[in-house]
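Worksheet: the structure to be examined is printed underneath.
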Amino acid sequence: MDDNWEPVFDIDATGLPAVPPGISREAHIAQMDWEKLTAEARQCTACELCATRTQVVFGVGNRQAEWLVIGEAPGADEDRQGEPFVGRAGQLLNPMLLAIGLQREHVYIANILKCRPPENREPAPAEAMKCRPFLERQITLIQPRIILAVGRIAAQNLLETNTPIGKLRGRVHHFGPARIPLVVTYHPAYLLRSPREKRKAWDDLRLARRTLAAESPDPTRRPVDS
Ligand code: SF4
């Protein structure tokens, strides 16, 4: 067989490769590169949120980041601008990251859901399940050294638990087969409503920073994707 052989997939009405026969949607997404993954997400209709979104909010940042920040879902500002954490909550996330020496463009930021739930309601479990392959592929491609799960929804989805966030924060969890260290903290939107909890969020950020510092650095990473 030709070493350069690649399977030829059917092209659907959107001009994008359709899921080839005999392979699940999850497996199909799990083999995509960044370009295909972005295109697939941008035209996704796997759950009903496609009908009400302005646009898909895929994720933003350094694709070789050591830090991966994962939130809940786009809000109104994110839906309008196409970027996660750009509203009031985002304006608090940025200084939180800066407090531990991270500029926003040095991390990668994504959400459990890529489309905005109407009225900012919580993601339905079925929606999170449908969207999960995109996030899992992003995690595999980025290979972050640490994940910061921001807010209850992100933490419970990533850790597949119903445990309250107060019991999830304050310790180091691990995500996936690669056992990526995962630290839980409060969502900036919650901190805006409950500023007294900022001290706990600061403790969480320092825990994450300490956890990363305890591991040996990867010399192959670039600080900012070009
Ligand atoms: S939320 Fe995720 S699964 Fe649902 S339509 Fe958007 S990209 Fe697809």
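The chains in the structure tokens are called A, B, ... from first to last as shown; in each chain the residues are counted from 1, and the ligands are counted from 1 in the order shown.
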Please identify the residues whose atoms come within 7 Å of ligand 1, using only C-alpha atoms and all ligand atoms, and report them as a PyMOL selection string.
chain A and resi 41-42+44-50+56+113-115+127+130-131
Based on the selection just made, write N, CA and C atoms of those residues as a PDB file, in the first residue's frame.
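So selection_32.pdb came out as:
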```
ATOM      1  N   ALA A  41     -16.581  21.745  14.426  1.00  0.00           N
ATOM      2  CA  ALA A  41     -17.331  22.383  15.511  1.00  0.00           C
ATOM      3  C   ALA A  41     -18.166  23.540  14.981  1.00  0.00           C
ATOM      4  N   ARG A  42     -17.591  24.309  14.068  1.00  0.00           N
ATOM      5  CA  ARG A  42     -18.296  25.508  13.589  1.00  0.00           C
ATOM      6  C   ARG A  42     -19.578  25.165  12.831  1.00  0.00           C
ATOM      7  N   CYS A  44     -21.375  22.342  13.608  1.00  0.00           N
ATOM      8  CA  CYS A  44     -21.999  21.250  14.373  1.00  0.00           C
ATOM      9  C   CYS A  44     -23.492  21.514  14.611  1.00  0.00           C
ATOM     10  N   THR A  45     -24.262  20.470  14.429  1.00  0.00           N
ATOM     11  CA  THR A  45     -25.696  20.522  14.737  1.00  0.00           C
ATOM     12  C   THR A  45     -26.086  19.329  15.619  1.00  0.00           C
ATOM     13  N   ALA A  46     -25.139  18.872  16.426  1.00  0.00           N
ATOM     14  CA  ALA A  46     -25.370  17.646  17.191  1.00  0.00           C
ATOM     15  C   ALA A  46     -26.354  17.824  18.332  1.00  0.00           C
ATOM     16  N   CYS A  47     -26.530  19.056  18.809  1.00  0.00           N
ATOM     17  CA  CYS A  47     -27.563  19.266  19.836  1.00  0.00           C
ATOM     18  C   CYS A  47     -28.379  20.496  19.470  1.00  0.00           C
ATOM     19  N   GLU A  48     -29.452  20.705  20.216  1.00  0.00           N
ATOM     20  CA  GLU A  48     -30.413  21.738  19.830  1.00  0.00           C
ATOM     21  C   GLU A  48     -29.878  23.164  19.975  1.00  0.00           C
ATOM     22  N   LEU A  49     -28.753  23.328  20.641  1.00  0.00           N
ATOM     23  CA  LEU A  49     -28.216  24.681  20.831  1.00  0.00           C
ATOM     24  C   LEU A  49     -27.761  25.313  19.518  1.00  0.00           C
ATOM     25  N   CYS A  50     -27.588  24.496  18.511  1.00  0.00           N
ATOM     26  CA  CYS A  50     -27.187  25.044  17.204  1.00  0.00           C
ATOM     27  C   CYS A  50     -28.260  25.984  16.654  1.00  0.00           C
ATOM     28  N   VAL A  56     -20.526  29.496  17.034  1.00  0.00           N
ATOM     29  CA  VAL A  56     -19.840  28.532  17.895  1.00  0.00           C
ATOM     30  C   VAL A  56     -18.650  29.224  18.551  1.00  0.00           C
ATOM     31  N   LEU A 113     -19.419  23.550  26.907  1.00  0.00           N
ATOM     32  CA  LEU A 113     -20.267  23.687  25.720  1.00  0.00           C
ATOM     33  C   LEU A 113     -19.717  24.758  24.791  1.00  0.00           C
ATOM     34  N   LYS A 114     -19.859  24.542  23.505  1.00  0.00           N
ATOM     35  CA  LYS A 114     -19.363  25.515  22.527  1.00  0.00           C
ATOM     36  C   LYS A 114     -20.459  26.450  22.027  1.00  0.00           C
ATOM     37  N   CYS A 115     -21.687  26.194  22.421  1.00  0.00           N
ATOM     38  CA  CYS A 115     -22.787  27.073  22.012  1.00  0.00           C
ATOM     39  C   CYS A 115     -23.543  27.552  23.251  1.00  0.00           C
ATOM     40  N   GLU A 127     -26.511  17.715  26.206  1.00  0.00           N
ATOM     41  CA  GLU A 127     -25.737  18.696  25.439  1.00  0.00           C
ATOM     42  C   GLU A 127     -24.252  18.562  25.757  1.00  0.00           C
ATOM     43  N   LYS A 130     -22.846  15.506  24.033  1.00  0.00           N
ATOM     44  CA  LYS A 130     -22.658  15.684  22.586  1.00  0.00           C
ATOM     45  C   LYS A 130     -21.435  16.553  22.280  1.00  0.00           C
ATOM     46  N   CYS A 131     -21.181  17.515  23.146  1.00  0.00           N
ATOM     47  CA  CYS A 131     -20.087  18.470  22.895  1.00  0.00           C
ATOM     48  C   CYS A 131     -18.740  17.929  23.374  1.00  0.00           C
TER      49      CYS A 131
END
```
Any idea what's packed within 8 Å of Thr52 (chain A), counting only C-alpha atoms, ignoring anything in its chain fewer than 4 positions away? Could you give it as a PyMOL selection string?
chain A and resi 48+116-118
Could you save those same residues with N, CA and C atoms as a PDB file, in the first residue's frame?
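Listing of again.pdb after writing:
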```
ATOM      1  N   GLU A  48     -29.452  20.705  20.216  1.00  0.00           N
ATOM      2  CA  GLU A  48     -30.413  21.738  19.830  1.00  0.00           C
ATOM      3  C   GLU A  48     -29.878  23.164  19.975  1.00  0.00           C
ATOM      4  N   ARG A 116     -24.060  28.743  23.151  1.00  0.00           N
ATOM      5  CA  ARG A 116     -24.726  29.361  24.304  1.00  0.00           C
ATOM      6  C   ARG A 116     -26.086  28.737  24.590  1.00  0.00           C
ATOM      7  N   PRO A 117     -26.308  28.278  25.831  1.00  0.00           N
ATOM      8  CA  PRO A 117     -27.664  27.845  26.194  1.00  0.00           C
ATOM      9  C   PRO A 117     -28.562  29.081  26.326  1.00  0.00           C
ATOM     10  N   PRO A 118     -29.789  29.029  25.825  1.00  0.00           N
ATOM     11  CA  PRO A 118     -30.697  30.174  25.914  1.00  0.00           C
ATOM     12  C   PRO A 118     -30.870  30.633  27.358  1.00  0.00           C
TER      13      PRO A 118
END
```
Within 12 Å of region 193-200 of chain A: each region 28-93 of chain A residue with its shortest pair, only C-alpha atoms, as JSON lines:
```
{"residue": "A:Arg88", "atom": "CA", "partner": "A:Arg193", "partner_atom": "CA", "distance": 11.3}
{"residue": "A:Ala89", "atom": "CA", "partner": "A:Arg193", "partner_atom": "CA", "distance": 10.4}
{"residue": "A:Leu92", "atom": "CA", "partner": "A:Lys198", "partner_atom": "CA", "distance": 10.5}
{"residue": "A:Leu93", "atom": "CA", "partner": "A:Lys198", "partner_atom": "CA", "distance": 11.4}
```
Selection export as a short mmCIF file (atom, residue, chain, number, x, y, z; two decimals), in the first residue's frame, atoms kept: N, CA and C atoms:
```
data_model
loop_
_atom_site.label_atom_id
_atom_site.label_comp_id
_atom_site.auth_asym_id
_atom_site.auth_seq_id
_atom_site.Cartn_x
_atom_site.Cartn_y
_atom_site.Cartn_z
N ARG A 88 -18.16 40.22 31.59
CA ARG A 88 -17.69 40.68 32.92
C ARG A 88 -16.88 39.61 33.62
N ALA A 89 -17.32 38.35 33.46
CA ALA A 89 -16.58 37.25 34.10
C ALA A 89 -15.18 37.15 33.52
N LEU A 92 -12.77 39.48 34.93
CA LEU A 92 -12.20 39.08 36.23
C LEU A 92 -11.23 37.91 36.06
N LEU A 93 -11.50 37.04 35.10
CA LEU A 93 -10.59 35.91 34.88
C LEU A 93 -9.18 36.41 34.52
#
```
Length of the CA of Phe85 (chain A) to CA of Leu37 (chain A) vector [Å]
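It comes out at 20.7 Å.
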Given only C-alpha atoms as the counted atoms, nearest of A:Ile139, A:Ala178, A:Val69, A:Leu148 to Leu207 (chain A):
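When distances to Leu207 (chain A) are compared using only C-alpha atoms, the smallest one comes from A:Leu148.
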Enumerate, in order of chain and increasing residue number, the residues of region 75-194 of chain A with an atom no farther than 7 Å from region 58-65 of chain A, each with its shortest atom pair and distance in Å to one decimal, counting only C-alpha atoms, as a Markdown table.
```
| residue | atom | partner | partner_atom | distance |
| --- | --- | --- | --- | --- |
| A:Glu83 | CA | A:Gly59 | CA | 6.4 |
| A:Pro84 | CA | A:Gly59 | CA | 6.3 |
| A:Glu105 | CA | A:Gly61 | CA | 5.2 |
| A:His106 | CA | A:Asn62 | CA | 5.6 |
| A:Val107 | CA | A:Ala65 | CA | 5.1 |
| A:Tyr108 | CA | A:Gly61 | CA | 4.2 |
| A:Ile109 | CA | A:Val60 | CA | 5.4 |
| A:Ala110 | CA | A:Gly59 | CA | 4.4 |
| A:Lys114 | CA | A:Phe58 | CA | 5.7 |
| A:Ile142 | CA | A:Gln64 | CA | 5.3 |
| A:Pro144 | CA | A:Ala65 | CA | 6.0 |
```
Go ahead and dump the residues you just picked, C-alpha atoms, as a compact mmCIF listing (two decimals), in the first residue's frame.
```
# COMPACT_ATOMS: atom_id res chain seq x y z
CA GLU A 83 -14.57 34.01 22.25
CA PRO A 84 -14.84 32.48 25.73
CA GLU A 105 -2.70 34.67 25.57
CA HIS A 106 -0.33 32.22 27.30
CA VAL A 107 -3.13 29.83 28.28
CA TYR A 108 -5.83 28.07 26.29
CA ILE A 109 -9.43 28.80 27.27
CA ALA A 110 -12.42 26.63 26.38
CA LYS A 114 -19.36 25.52 22.53
CA ILE A 142 -2.92 20.75 23.53
CA PRO A 144 -1.76 20.77 28.89
```
Can you list, as a PyMOL selection string, every residue of region 31-172 of chain A that DSSP puts in alpha helix (DSSP H)?
chain A and resi 34-42+76-81+88-99+125-142+152-159+165-168
What gap, in Å, lies between CA of Thr163 (chain A) and CA of Arg210 (chain A)?
24.0 Å
Within 12 Å of Pro125 (chain A), counting only C-alpha atoms, which residues show up once you throw out same-chain ones fewer than 3 positions away? Write them as a ChimeraX atom specification, please.
/A:47,112-113,122,128-132,153-154,156-157,160-162
Best match for closeness to Glu119 (chain A) among A:Val172, A:Ile165, A:Ala155, A:Ala76, counting only C-alpha atoms:
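Among the listed residues, the smallest separation from Glu119 (chain A) belongs to A:Ala76.
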Taking only C-alpha atoms into account, which of A:Arg152, A:His174, A:Arg25, A:Arg169 comes nearest Ala201 (chain A)?
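Between A:Arg152, A:His174, A:Arg25, A:Arg169, the residue approaching Ala201 (chain A) most closely is A:Arg169.
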Find the spatial neighbours of region 28-36 of chain A, counting only C-alpha atoms, within a cut-off of 7 Å - ignore same-chain residues fewer than 5 positions away - and output them as a PyMOL selection string.
chain A and resi 19+23+133-134+137
How would the residues just picked look written out with C-alpha atoms as a PDB file, in the first residue's frame?
```
ATOM      1  CA  VAL A  19     -18.516  10.773   9.273  1.00  0.00           C
ATOM      2  CA  ILE A  23     -16.798   4.842  12.613  1.00  0.00           C
ATOM      3  CA  PRO A 133     -15.663  14.953  21.900  1.00  0.00           C
ATOM      4  CA  PHE A 134     -14.614  18.438  20.776  1.00  0.00           C
ATOM      5  CA  ARG A 137      -9.814  16.360  21.212  1.00  0.00           C
TER       6      ARG A 137
END
```
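By chain and then residue number, the residues within 12 Å of Gln91 (chain A) are Asp77, Pro84, Phe85, Val86, Gly87, Pro95, Met96, Leu97, Leu98, Arg104, His187, Pro188, Ala189, Leu191 and Leu192 of chain A, counting only C-alpha atoms and disregarding those fewer than 4 positions away in sequence.
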Taken to one decimal, the CA of Val184 (chain A)-CA of Arg121 (chain A) distance is 21.0 Å
